[in-house]
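Student: Here you go, this is run.pdb (PDB, C-alpha atoms and all ligand atoms).
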MODEL        1
ATOM      1  CA  MET I   1     -91.375-133.949-105.124
ATOM      2  CA  SER I   2     -91.487-137.492-103.725
ATOM      3  CA  ASN I   3     -93.600-139.222-101.107
ATOM      4  CA  GLU I   4     -90.867-138.273 -98.640
ATOM      5  CA  ASP I   5     -92.116-134.667 -98.594
ATOM      6  CA  PRO I   6     -91.980-133.958 -94.822
ATOM      7  CA  ARG I   7     -95.080-131.736 -94.994
ATOM      8  CA  LYS I   8     -97.249-134.759 -95.791
ATOM      9  CA  LEU I   9     -97.059-136.079 -92.256
ATOM     10  CA  TYR I  10     -98.727-132.965 -90.898
ATOM     11  CA  TRP I  11    -101.473-132.885 -93.539
ATOM     12  CA  ASN I  12    -102.065-136.654 -93.295
ATOM     13  CA  GLU I  13    -102.236-136.904 -89.539
ATOM     14  CA  SER I  14    -102.642-134.013 -87.163
ATOM     15  CA  TYR I  15    -104.433-131.673 -89.559
ATOM     16  CA  TYR I  16    -106.702-134.431 -90.874
ATOM     17  CA  ARG I  17    -107.659-135.457 -87.314
ATOM     18  CA  TYR I  18    -108.266-131.847 -86.354
ATOM     19  CA  TRP I  19    -110.447-131.180 -89.354
ATOM     20  CA  LYS I  20    -112.354-134.431 -89.024
ATOM     21  CA  SER I  21    -113.260-133.581 -85.450
ATOM     22  CA  ARG I  22    -114.461-130.125 -86.495
ATOM     23  CA  VAL I  23    -116.578-131.635 -89.264
ATOM     24  CA  ASP I  24    -118.068-134.095 -86.823
ATOM     25  CA  GLU I  25    -118.947-131.167 -84.558
ATOM     26  CA  ALA I  26    -120.514-129.236 -87.421
ATOM     27  CA  GLY I  27    -122.374-132.237 -88.834
ATOM     28  CA  VAL I  28    -121.367-134.072 -91.992
ATOM     29  CA  GLY I  29    -122.698-132.385 -95.092
ATOM     30  CA  SER I  30    -122.521-128.937 -93.606
ATOM     31  CA  SER I  31    -120.290-126.480 -95.393
ATOM     32  CA  LYS I  32    -119.407-124.888 -92.080
ATOM     33  CA  ILE I  33    -116.457-127.148 -91.637
ATOM     34  CA  ILE I  34    -114.543-125.055 -89.184
ATOM     35  CA  GLU I  35    -116.966-122.780 -87.413
ATOM     36  CA  GLY I  36    -115.488-119.302 -87.179
ATOM     37  CA  ASP I  37    -112.578-120.041 -89.482
ATOM     38  CA  ALA I  38    -112.537-117.381 -92.146
ATOM     39  CA  ASN I  39    -110.794-119.637 -94.617
ATOM     40  CA  THR I  40    -113.214-122.465 -94.677
ATOM     41  CA  GLU I  41    -116.523-121.393 -93.304
ATOM     42  CA  ASP I  42    -118.647-119.761 -95.937
ATOM     43  CA  ASP I  43    -119.058-121.009 -99.483
ATOM     44  CA  GLU I  44    -121.327-118.066-100.314
ATOM     45  CA  VAL I  45    -118.303-115.776-100.519
ATOM     46  CA  TYR I  46    -116.782-118.003-103.177
ATOM     47  CA  ARG I  47    -120.070-118.577-104.953
ATOM     48  CA  ASN I  48    -120.500-114.800-105.343
ATOM     49  CA  ILE I  49    -116.952-114.281-106.574
ATOM     50  CA  PHE I  50    -117.197-117.154-109.048
ATOM     51  CA  SER I  51    -120.420-115.738-110.462
ATOM     52  CA  GLN I  52    -119.082-112.166-110.652
ATOM     53  CA  TYR I  53    -115.756-113.200-112.219
ATOM     54  CA  GLY I  54    -116.947-116.176-114.230
ATOM     55  CA  PHE I  55    -115.161-119.365-115.201
ATOM     56  CA  ASN I  56    -114.094-120.136-118.733
ATOM     57  CA  PRO I  57    -116.028-123.115-120.058
ATOM     58  CA  GLY I  58    -114.076-126.385-120.033
ATOM     59  CA  ARG I  59    -111.758-127.763-117.366
ATOM     60  CA  VAL I  60    -110.933-126.591-113.851
ATOM     61  CA  LEU I  61    -108.151-127.773-111.543
ATOM     62  CA  GLU I  62    -108.637-127.406-107.800
ATOM     63  CA  ILE I  63    -105.434-127.300-105.732
ATOM     64  CA  GLY I  64    -105.709-128.403-102.076
ATOM     65  CA  CYS I  65    -109.127-129.992-102.510
ATOM     66  CA  ALA I  66    -109.203-131.843 -99.157
ATOM     67  CA  TRP I  67    -112.225-134.151 -99.391
ATOM     68  CA  GLY I  68    -113.978-132.132-102.035
ATOM     69  CA  ARG I  69    -116.043-129.715 -99.995
ATOM     70  CA  MET I  70    -115.906-127.161-102.801
ATOM     71  CA  PHE I  71    -116.546-129.487-105.744
ATOM     72  CA  PRO I  72    -120.236-128.498-106.090
ATOM     73  CA  LEU I  73    -119.152-124.892-106.691
ATOM     74  CA  TYR I  74    -117.349-125.982-109.871
ATOM     75  CA  LEU I  75    -119.659-128.740-111.014
ATOM     76  CA  GLU I  76    -122.717-126.475-110.852
ATOM     77  CA  HIS I  77    -121.038-124.409-113.613
ATOM     78  CA  GLY I  78    -120.787-127.485-115.842
ATOM     79  CA  LEU I  79    -116.984-127.615-115.560
ATOM     80  CA  ARG I  80    -114.925-130.785-115.887
ATOM     81  CA  LEU I  81    -113.037-131.065-112.627
ATOM     82  CA  SER I  82    -109.605-132.359-111.679
ATOM     83  CA  ALA I  83    -108.286-131.935-108.168
ATOM     84  CA  VAL I  84    -105.089-132.475-106.198
ATOM     85  CA  ASP I  85    -104.101-132.492-102.552
ATOM     86  CA  ILE I  86    -100.771-133.185-100.864
ATOM     87  CA  SER I  87    -102.447-135.399 -98.247
ATOM     88  CA  THR I  88    -102.999-139.109 -98.901
ATOM     89  CA  ALA I  89    -105.772-139.153 -96.301
ATOM     90  CA  MET I  90    -107.592-136.231 -97.913
ATOM     91  CA  VAL I  91    -107.300-137.705-101.399
ATOM     92  CA  GLU I  92    -108.691-141.025-100.200
ATOM     93  CA  ALA I  93    -111.639-139.226 -98.626
ATOM     94  CA  ALA I  94    -112.239-137.130-101.766
ATOM     95  CA  ARG I  95    -112.148-140.213-103.980
ATOM     96  CA  LYS I  96    -114.576-142.032-101.705
ATOM     97  CA  ASN I  97    -117.011-139.128-101.926
ATOM     98  CA  TRP I  98    -116.559-138.114-105.535
ATOM     99  CA  SER I  99    -114.852-140.619-107.889
ATOM    100  CA  GLY I 100    -117.059-141.553-110.827
ATOM    101  CA  ARG I 101    -119.470-138.643-110.347
ATOM    102  CA  ASP I 102    -120.474-136.647-113.432
ATOM    103  CA  GLY I 103    -117.858-134.069-114.341
ATOM    104  CA  VAL I 104    -115.141-135.415-112.013
ATOM    105  CA  GLU I 105    -112.159-136.363-114.180
ATOM    106  CA  GLY I 106    -109.608-137.272-111.503
ATOM    107  CA  ILE I 107    -108.365-136.684-107.967
ATOM    108  CA  SER I 108    -104.599-136.993-107.463
ATOM    109  CA  GLU I 109    -102.121-136.875-104.637
ATOM    110  CA  SER I 110     -99.692-134.091-105.488
ATOM    111  CA  PRO I 111     -98.040-131.036-103.996
ATOM    112  CA  ALA I 112     -99.041-127.721-105.545
ATOM    113  CA  GLU I 113     -95.398-127.059-106.352
ATOM    114  CA  SER I 114     -95.040-129.990-108.786
ATOM    115  CA  LEU I 115     -98.273-130.735-110.624
ATOM    116  CA  PRO I 116     -98.741-133.917-112.682
ATOM    117  CA  PHE I 117    -100.287-132.128-115.680
ATOM    118  CA  ASP I 118     -99.145-130.931-119.103
ATOM    119  CA  ASP I 119     -98.494-127.286-119.897
ATOM    120  CA  GLY I 120    -101.671-125.384-120.706
ATOM    121  CA  ALA I 121    -103.991-128.249-119.726
ATOM    122  CA  PHE I 122    -106.626-126.228-117.838
ATOM    123  CA  ASP I 123    -109.043-123.403-118.636
ATOM    124  CA  ASN I 124    -109.443-122.493-114.949
ATOM    125  CA  LEU I 125    -107.600-123.113-111.682
ATOM    126  CA  SER I 126    -108.725-122.530-108.119
ATOM    127  CA  CYS I 127    -106.657-122.667-104.936
ATOM    128  CA  ILE I 128    -108.704-121.764-101.890
ATOM    129  CA  ALA I 129    -107.419-121.669 -98.294
ATOM    130  CA  THR I 130    -104.304-123.548 -99.389
ATOM    131  CA  PHE I 131    -101.897-121.126-101.098
ATOM    132  CA  ASP I 132    -100.679-119.836 -97.721
ATOM    133  CA  ALA I 133     -99.408-123.365 -96.940
ATOM    134  CA  THR I 134     -97.353-123.639-100.135
ATOM    135  CA  PHE I 135     -93.973-122.427-101.307
ATOM    136  CA  GLN I 136     -95.828-119.652-102.989
ATOM    137  CA  ASN I 137     -93.684-118.514-105.915
ATOM    138  CA  VAL I 138     -93.048-122.135-106.922
ATOM    139  CA  ALA I 139     -96.735-123.025-106.636
ATOM    140  CA  LEU I 140     -97.894-119.957-108.567
ATOM    141  CA  THR I 141     -95.353-120.700-111.303
ATOM    142  CA  GLU I 142     -96.932-124.163-111.574
ATOM    143  CA  PHE I 143    -100.478-122.722-111.642
ATOM    144  CA  LEU I 144     -99.429-120.601-114.615
ATOM    145  CA  ARG I 145     -97.677-123.511-116.329
ATOM    146  CA  VAL I 146    -100.650-125.911-116.244
ATOM    147  CA  THR I 147    -103.176-123.301-117.422
ATOM    148  CA  ARG I 148    -103.623-121.997-120.953
ATOM    149  CA  PRO I 149    -103.358-118.354-122.057
ATOM    150  CA  GLY I 150    -106.648-116.670-121.113
ATOM    151  CA  ALA I 151    -107.277-119.089-118.232
ATOM    152  CA  ARG I 152    -108.959-117.803-115.069
ATOM    153  CA  ILE I 153    -107.012-118.374-111.841
ATOM    154  CA  TYR I 154    -108.485-117.806-108.385
ATOM    155  CA  PHE I 155    -106.504-118.008-105.160
ATOM    156  CA  THR I 156    -106.562-116.794-101.576
ATOM    157  CA  GLY I 157    -103.713-116.026 -99.201
ATOM    158  CA  LYS I 158    -102.576-114.043 -96.189
ATOM    159  CA  HIS I 159    -100.965-110.639 -96.538
ATOM    160  CA  ASP I 160     -97.706-110.080 -94.677
ATOM    161  CA  LEU I 161     -98.820-106.836 -92.994
ATOM    162  CA  TYR I 162    -102.024-107.056 -90.990
ATOM    163  CA  HIS I 163    -103.278-104.628 -88.342
ATOM    164  CA  PRO I 164    -100.981-104.743 -85.278
ATOM    165  CA  ASP I 165    -104.083-104.851 -83.051
ATOM    166  CA  ASP I 166    -105.677-107.779 -84.956
ATOM    167  CA  ASN I 167    -105.126-110.131 -82.038
ATOM    168  CA  ALA I 168    -107.061-112.967 -83.668
ATOM    169  CA  ALA I 169    -104.671-112.880 -86.629
ATOM    170  CA  LEU I 170    -101.622-112.685 -84.402
ATOM    171  CA  ASP I 171    -102.863-115.566 -82.215
ATOM    172  CA  ALA I 172    -103.507-117.623 -85.359
ATOM    173  CA  GLU I 173     -99.996-116.959 -86.649
ATOM    174  CA  ILE I 174     -98.409-117.895 -83.321
ATOM    175  CA  GLY I 175    -100.671-120.948 -82.954
ATOM    176  CA  ALA I 176     -99.784-122.162 -86.455
ATOM    177  CA  ARG I 177     -96.078-121.903 -85.685
ATOM    178  CA  ARG I 178     -96.524-123.882 -82.463
ATOM    179  CA  LYS I 179     -98.331-126.667 -84.350
ATOM    180  CA  ASN I 180     -95.772-126.573 -87.160
ATOM    181  CA  HIS I 181     -98.605-125.768 -89.568
ATOM    182  CA  PRO I 182     -96.988-124.651 -92.856
ATOM    183  CA  ASN I 183     -97.838-120.961 -93.051
ATOM    184  CA  PHE I 184     -96.532-118.299 -95.424
ATOM    185  CA  PHE I 185     -97.371-114.625 -95.739
ATOM    186  CA  THR I 186     -97.424-112.797 -99.040
ATOM    187  CA  ASP I 187     -95.866-109.486 -99.955
ATOM    188  CA  THR I 188     -98.996-108.894-101.999
ATOM    189  CA  GLY I 189     -97.753-105.756-103.735
ATOM    190  CA  ARG I 190     -94.620-107.547-104.913
ATOM    191  CA  MET I 191     -96.570-110.602-106.084
ATOM    192  CA  LEU I 192     -99.017-108.498-108.113
ATOM    193  CA  ALA I 193     -96.187-106.458-109.632
ATOM    194  CA  LEU I 194     -94.424-109.666-110.701
ATOM    195  CA  LEU I 195     -97.598-111.079-112.224
ATOM    196  CA  ARG I 196     -98.161-107.879-114.209
ATOM    197  CA  GLU I 197     -94.511-107.795-115.329
ATOM    198  CA  HIS I 198     -94.983-111.340-116.657
ATOM    199  CA  GLY I 199     -98.003-110.193-118.688
ATOM    200  CA  HIS I 200    -100.835-111.583-116.560
ATOM    201  CA  ARG I 201    -103.944-109.488-115.902
ATOM    202  CA  ILE I 202    -105.276-108.926-112.376
ATOM    203  CA  ASP I 203    -109.061-108.971-112.741
ATOM    204  CA  ALA I 204    -109.823-108.516-109.057
ATOM    205  CA  LEU I 205    -108.073-108.105-105.753
ATOM    206  CA  LEU I 206    -110.269-108.460-102.689
ATOM    207  CA  CYS I 207    -108.639-107.399 -99.408
ATOM    208  CA  PHE I 208    -110.224-108.608 -96.166
ATOM    209  CA  PRO I 209    -109.015-106.185 -93.486
ATOM    210  CA  ARG I 210    -109.135-108.378 -90.370
ATOM    211  CA  ARG I 211    -109.258-112.052 -89.472
ATOM    212  CA  GLY I 212    -112.903-113.093 -89.676
ATOM    213  CA  ASP I 213    -113.796-110.627 -92.443
ATOM    214  CA  PHE I 214    -113.633-113.306 -95.150
ATOM    215  CA  ALA I 215    -116.586-115.185 -93.717
ATOM    216  CA  LYS I 216    -118.500-111.890 -93.520
ATOM    217  CA  ALA I 217    -117.605-111.050 -97.139
ATOM    218  CA  SER I 218    -116.296-107.751 -95.808
ATOM    219  CA  PHE I 219    -113.609-106.563 -98.197
ATOM    220  CA  VAL I 220    -112.175-103.580-100.034
ATOM    221  CA  THR I 221    -110.727-103.579-103.527
ATOM    222  CA  GLU I 222    -108.188-100.776-103.112
ATOM    223  CA  PRO I 223    -105.417-102.382-101.053
ATOM    224  CA  PRO I 224    -105.057-100.578 -97.717
ATOM    225  CA  GLU I 225    -101.722-100.563 -95.885
ATOM    226  CA  PHE I 226    -102.915-103.230 -93.429
ATOM    227  CA  PHE I 227    -105.080-106.216 -94.319
ATOM    228  CA  TYR I 228    -105.131-109.901 -93.372
ATOM    229  CA  GLU I 229    -106.423-112.026 -96.236
ATOM    230  CA  TYR I 230    -106.785-111.533 -99.943
ATOM    231  CA  MET I 231    -108.355-113.192-102.914
ATOM    232  CA  VAL I 232    -106.925-112.703-106.393
ATOM    233  CA  VAL I 233    -108.695-113.372-109.668
ATOM    234  CA  LEU I 234    -106.376-113.233-112.642
ATOM    235  CA  THR I 235    -106.335-113.976-116.319
ATOM    236  CA  ARG I 236    -103.231-115.763-117.480
ATOM    237  CA  GLY I 237    -101.204-113.988-120.138
ATOM    238  CA  GLU I 238     -99.512-115.505-123.170
ATOM    239  CA  ARG I 239     -96.258-116.536-121.545
ATOM    240  CA  SER I 240     -95.353-118.292-118.305
ATOM    241  CA  GLY I 241     -92.020-118.665-116.574
ATOM    242  CA  PRO I 242     -90.528-118.878-113.089
ATOM    243  CA  LEU I 243     -91.571-116.211-110.594
ATOM    244  CA  SER I 244     -89.083-115.011-108.001
ATOM    245  CA  GLY I 245     -89.920-115.116-104.287
ATOM    246  CA  PHE I 246     -92.545-112.906-102.639
ATOM    247  CA  SER I 247     -93.506-114.651 -99.382
ATOM    248  CA  SER I 248     -92.044-115.415 -95.982
ATOM    249  CA  ALA I 249     -92.691-117.606 -92.970
ATOM    250  CA  HIS I 250     -93.382-114.644 -90.654
ATOM    251  CA  SER I 251     -95.626-111.693 -91.246
ATOM    252  CA  ARG I 252     -94.091-108.274 -90.866
ATOM    253  CA  THR I 253     -96.736-107.651 -88.195
ATOM    254  CA  PHE I 254     -95.486-110.613 -86.159
ATOM    255  CA  LEU I 255     -91.878-109.530 -86.551
ATOM    256  CA  GLY I 256     -92.773-106.023 -85.430
ATOM    257  CA  THR I 257     -94.720-107.102 -82.339
ATOM    258  CA  GLU I 258     -94.333-110.595 -80.908
ATOM    259  CA  GLY I 259     -91.022-111.098 -82.691
ATOM    260  CA  SER I 260     -89.493-108.150 -80.957
ATOM    261  CA  ARG I 261     -90.679-109.556 -77.614
ATOM    262  CA  GLY I 262     -88.897-112.842 -78.286
ATOM    263  CA  ALA I 263     -92.013-115.003 -78.789
ATOM    264  CA  ARG I 264     -90.417-116.824 -81.718
TER     265      ARG I 264
HETATM  266  C1  LIG I 301    -107.488-125.535 -95.179
HETATM  267  S1  LIG I 301    -107.612-126.922 -96.268
HETATM  268  C2  LIG I 301    -108.608-126.219 -97.534
HETATM  269  C3  LIG I 301    -109.333-127.238 -98.351
HETATM  270  C4  LIG I 301    -110.345-126.723 -99.371
HETATM  271  N1  LIG I 301    -109.717-125.907-100.403
HETATM  272  C5  LIG I 301    -111.461-125.977 -98.683
HETATM  273  O1  LIG I 301    -111.493-124.724 -98.715
HETATM  274  O2  LIG I 301    -112.295-126.651 -98.095
HETATM  275  C6  LIG I 301    -105.980-127.001 -97.020
HETATM  276  C7  LIG I 301    -105.765-128.251 -97.860
HETATM  277  O3  LIG I 301    -104.582-128.042 -98.642
HETATM  278  C8  LIG I 301    -103.791-129.202 -98.634
HETATM  279  N2  LIG I 301    -102.393-128.764 -98.853
HETATM  280  C9  LIG I 301    -101.569-128.162 -97.986
HETATM  281  N3  LIG I 301    -100.381-127.875 -98.548
HETATM  282  C10 LIG I 301    -100.465-128.302 -99.834
HETATM  283  C11 LIG I 301     -99.553-128.294-100.937
HETATM  284  N4  LIG I 301     -98.329-127.779-100.818
HETATM  285  N5  LIG I 301     -99.971-128.837-102.101
HETATM  286  C12 LIG I 301    -101.222-129.374-102.235
HETATM  287  N6  LIG I 301    -102.115-129.420-101.217
HETATM  288  C13 LIG I 301    -101.755-128.874-100.032
HETATM  289  C14 LIG I 301    -104.041-129.846 -97.260
HETATM  290  O4  LIG I 301    -103.778-131.228 -97.254
HETATM  291  C15 LIG I 301    -105.524-129.513 -97.034
HETATM  292  O5  LIG I 301    -106.354-130.544 -97.508
ENDMDL
END
Represent the supplied structure as structure tokens.
Ligand SMILES: C[S@@+](CC[C@H](N)C(=O)[O-])C[C@H]1O[C@@H](n2cnc3c(N)ncnc32)[C@H](O)[C@@H]1O
Tutor:
Amino acid sequence: MSNEDPRKLYWNESYYRYWKSRVDEAGVGSSKIIEGDANTEDDEVYRNIFSQYGFNPGRVLEIGCAWGRMFPLYLEHGLRLSAVDISTAMVEAARKNWSGRDGVEGISESPAESLPFDDGAFDNLSCIATFDATFQNVALTEFLRVTRPGARIYFTGKHDLYHPDDNAALDAEIGARRKNHPNFFTDTGRMLALLREHGHRIDALLCFPRRGDFAKASFVTEPPEFFYEYMVVLTRGERSGPLSGFSSAHSRTFLGTEGSRGAR
């Protein structure tokens, strides 16, 4: 994909400004970048998951790194870190904060769907609070391409069927559409079935029932009918190849409630 990718404008400008103002509110250096935002608030959730389902030694690639808020979580495991983000502004900020530091191999401007790395280059890959903004089957195909057999892959996303009375989730979905924030919902069952069919192993599926439960680390591991967010930990199998589609721009919950009232 070229620099003309129309999504860049959003991530370079309005989202960057929004996030910067939230960071300024929270105080630079705080991990609570967006107070109350389940996707970005609490590193402890990730720290626990990374220690329970450990990294392979070697290299890790972070997708959607922003300005490197999560880098310490990888570097403290002694990993060699590469990172990408679609946003020029975010990459500049990450480089300013992190280039030349021990363990940091490179920070590149790139969309998740077309990664500038060789096949099998990484032992681990992490995509946190970003997968829902990508063209998911294309991005996941790339994650599998650039990792080696046996690699650990961690990613979070939003399930396409959340509780109809989860008003915070519904408001977030409607708000994202109004702002033109790229937002995709996963048919999680279909995605997991595809991954298994392709020979990859699901090591963990964490389902966070309602919006806000991620920050509270409140999850179940047996997928219920309704849940809002998920985190997947998988081990890459021997082969990789293109995955067919499993996500859409509206959740089924939205289509069944607001959609039917004409709020689209
Ligand atoms: C919500 S932030 C999360 C950042 C970081 N992972 C964290 O948890 O602090 C999402 C980041 O993903 C980036 N992003 C969005 N779509 C992307 C894509 N298709 N490819 C690569 N990066 C993307 C945005 O520029 C933004 O920096």
Student: For ligand LIG 301 (chain I), which of I:Leu243, I:Val84, I:Val146, I:Ala169 is the closest residue, counting all atoms listed in the file?
Tutor: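 Of the candidates, the smallest distance to ligand LIG 301 (chain I) is held by I:Val84.
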Student: Could you check which of I:Ser126, I:Thr235, I:Thr253, I:Thr221 is closest to ligand LIG 301 (chain I), using only C-alpha atoms and all ligand atoms?
Tutor: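 So, comparing all the options, the nearest one is I:Ser126.
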Student: Box for ligand LIG 301 (chain I): with edges along x, y and z, all listed atoms inside and 5 Å added on each side, what are the centre and edge lengths in Å to one decimal, as JSON?
Tutor:
{"center_x": -105.3, "center_y": -128.0, "center_z": -98.7, "size_x": 24.0, "size_y": 16.5, "size_z": 17.1}
Student: Quick one: residues within 12 Å of (-100.5, -134.7, -89.3) (file frame), counting all atoms listed in the file, please, as a list of chain:residue names.
Tutor: I:Pro6, I:Arg7, I:Lys8, I:Leu9, I:Tyr10, I:Trp11, I:Asn12, I:Glu13, I:Ser14, I:Tyr15, I:Tyr16, I:Arg17, I:Tyr18, I:Trp19, I:Lys20, I:Ile86, I:Ser87, I:Thr88, I:Ala89, I:Met90, I:Lys179, I:Asn180, I:His181, I:Pro182
Student: Which residues are near ligand LIG 301 (chain I) - at most 7 Å, using only C-alpha atoms and all ligand atoms? Format: as a list in words.
Tutor: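 So the residues close to ligand LIG 301 (chain I) are Trp11, Asn12, Asn39, Thr40, Ile63, Gly64, Cys65, Ala66, Gly68, Arg69, Met70, Val84, Asp85, Ile86, Ser87, Met90, Ser110, Pro111, Ala112, Glu113, Cys127, Ile128, Ala129, Thr130, Ala133, Thr134 and Phe135 of chain I.
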Student: Would you kindly return, as a tab-separated table (two decimals) with C-alpha atoms, keeping the file's coordinate frame, each protein, DNA or RNA residue with an atom no farther than 8 Å from any atom of Thr186 (chain I), considering only C-alpha atoms and excluding same-chain residues fewer than 5 positions away?
Tutor:
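After the write, result_9.tsv holds the following:
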chain	number	residue	atom	x	y	z
I	132	ASP	CA	-100.68	-119.84	-97.72
I	157	GLY	CA	-103.71	-116.03	-99.20
I	158	LYS	CA	-102.58	-114.04	-96.19
I	159	HIS	CA	-100.96	-110.64	-96.54
I	160	ASP	CA	-97.71	-110.08	-94.68
I	191	MET	CA	-96.57	-110.60	-106.08
I	246	PHE	CA	-92.54	-112.91	-102.64
I	247	SER	CA	-93.51	-114.65	-99.38
I	248	SER	CA	-92.04	-115.42	-95.98
Student: The PyMOL selection byres (((chain I and resi 227) around 8) and not hetatm) on the file shown: which residues, as a list in words?
Tutor: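 In the shown coordinates, the PyMOL selection byres (((chain I and resi 227) around 8) and not hetatm) covers His159, Leu161, Tyr162, His163, Cys207, Phe208, Pro209, Arg210, Pro223, Pro224, Glu225, Phe226, Tyr228, Glu229 and Tyr230 of chain I.
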Student: Looking at I:Asn183, I:Gln136, I:Ser82, I:Asn167, which one is nearest to Asp123 (chain I), with distances taken over all atoms listed in the file?
Tutor: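 Closest to Asp123 (chain I), using all atoms listed in the file: I:Ser82.
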Student: Here's the selection I'm unsure about, the PyMOL selection byres (((chain I and resi 203) around 8) and not hetatm); applied to the file above, which residues does it give, as a list in words?
Tutor: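 Output of the PyMOL selection byres (((chain I and resi 203) around 8) and not hetatm): Tyr53, Arg201, Ile202, Ala204, Leu205, Val232, Val233, Leu234 and Thr235 of chain I.
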Student: For the residues in the current selection, export C-alpha atoms as a PDB file, keeping the file's coordinate frame.
Tutor:
ATOM      1  CA  TYR I  53    -115.756-113.200-112.219  1.00  0.00           C
ATOM      2  CA  ARG I 201    -103.944-109.488-115.902  1.00  0.00           C
ATOM      3  CA  ILE I 202    -105.276-108.926-112.376  1.00  0.00           C
ATOM      4  CA  ALA I 204    -109.823-108.516-109.057  1.00  0.00           C
ATOM      5  CA  LEU I 205    -108.073-108.105-105.753  1.00  0.00           C
ATOM      6  CA  VAL I 232    -106.925-112.703-106.393  1.00  0.00           C
ATOM      7  CA  VAL I 233    -108.695-113.372-109.668  1.00  0.00           C
ATOM      8  CA  LEU I 234    -106.376-113.233-112.642  1.00  0.00           C
ATOM      9  CA  THR I 235    -106.335-113.976-116.319  1.00  0.00           C
TER      10      THR I 235
END
Student: Taking the file above as input, evaluate the PyMOL selection byres (((chain I and resi 194-200) around 10) and not hetatm) and report the hits as a CSV table (one decimal) with C-alpha atoms, in the frame of the given file.
Tutor:
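What ended up in expr-v8.csv:
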chain,number,residue,atom,x,y,z
I,140,LEU,CA,-97.9,-120.0,-108.6
I,141,THR,CA,-95.4,-120.7,-111.3
I,144,LEU,CA,-99.4,-120.6,-114.6
I,149,PRO,CA,-103.4,-118.4,-122.1
I,150,GLY,CA,-106.6,-116.7,-121.1
I,188,THR,CA,-99.0,-108.9,-102.0
I,189,GLY,CA,-97.8,-105.8,-103.7
I,190,ARG,CA,-94.6,-107.5,-104.9
I,191,MET,CA,-96.6,-110.6,-106.1
I,192,LEU,CA,-99.0,-108.5,-108.1
I,193,ALA,CA,-96.2,-106.5,-109.6
I,201,ARG,CA,-103.9,-109.5,-115.9
I,202,ILE,CA,-105.3,-108.9,-112.4
I,203,ASP,CA,-109.1,-109.0,-112.7
I,234,LEU,CA,-106.4,-113.2,-112.6
I,235,THR,CA,-106.3,-114.0,-116.3
I,236,ARG,CA,-103.2,-115.8,-117.5
I,237,GLY,CA,-101.2,-114.0,-120.1
I,238,GLU,CA,-99.5,-115.5,-123.2
I,239,ARG,CA,-96.3,-116.5,-121.5
I,240,SER,CA,-95.4,-118.3,-118.3
I,241,GLY,CA,-92.0,-118.7,-116.6
I,242,PRO,CA,-90.5,-118.9,-113.1
I,243,LEU,CA,-91.6,-116.2,-110.6
I,244,SER,CA,-89.1,-115.0,-108.0
I,245,GLY,CA,-89.9,-115.1,-104.3
I,246,PHE,CA,-92.5,-112.9,-102.6
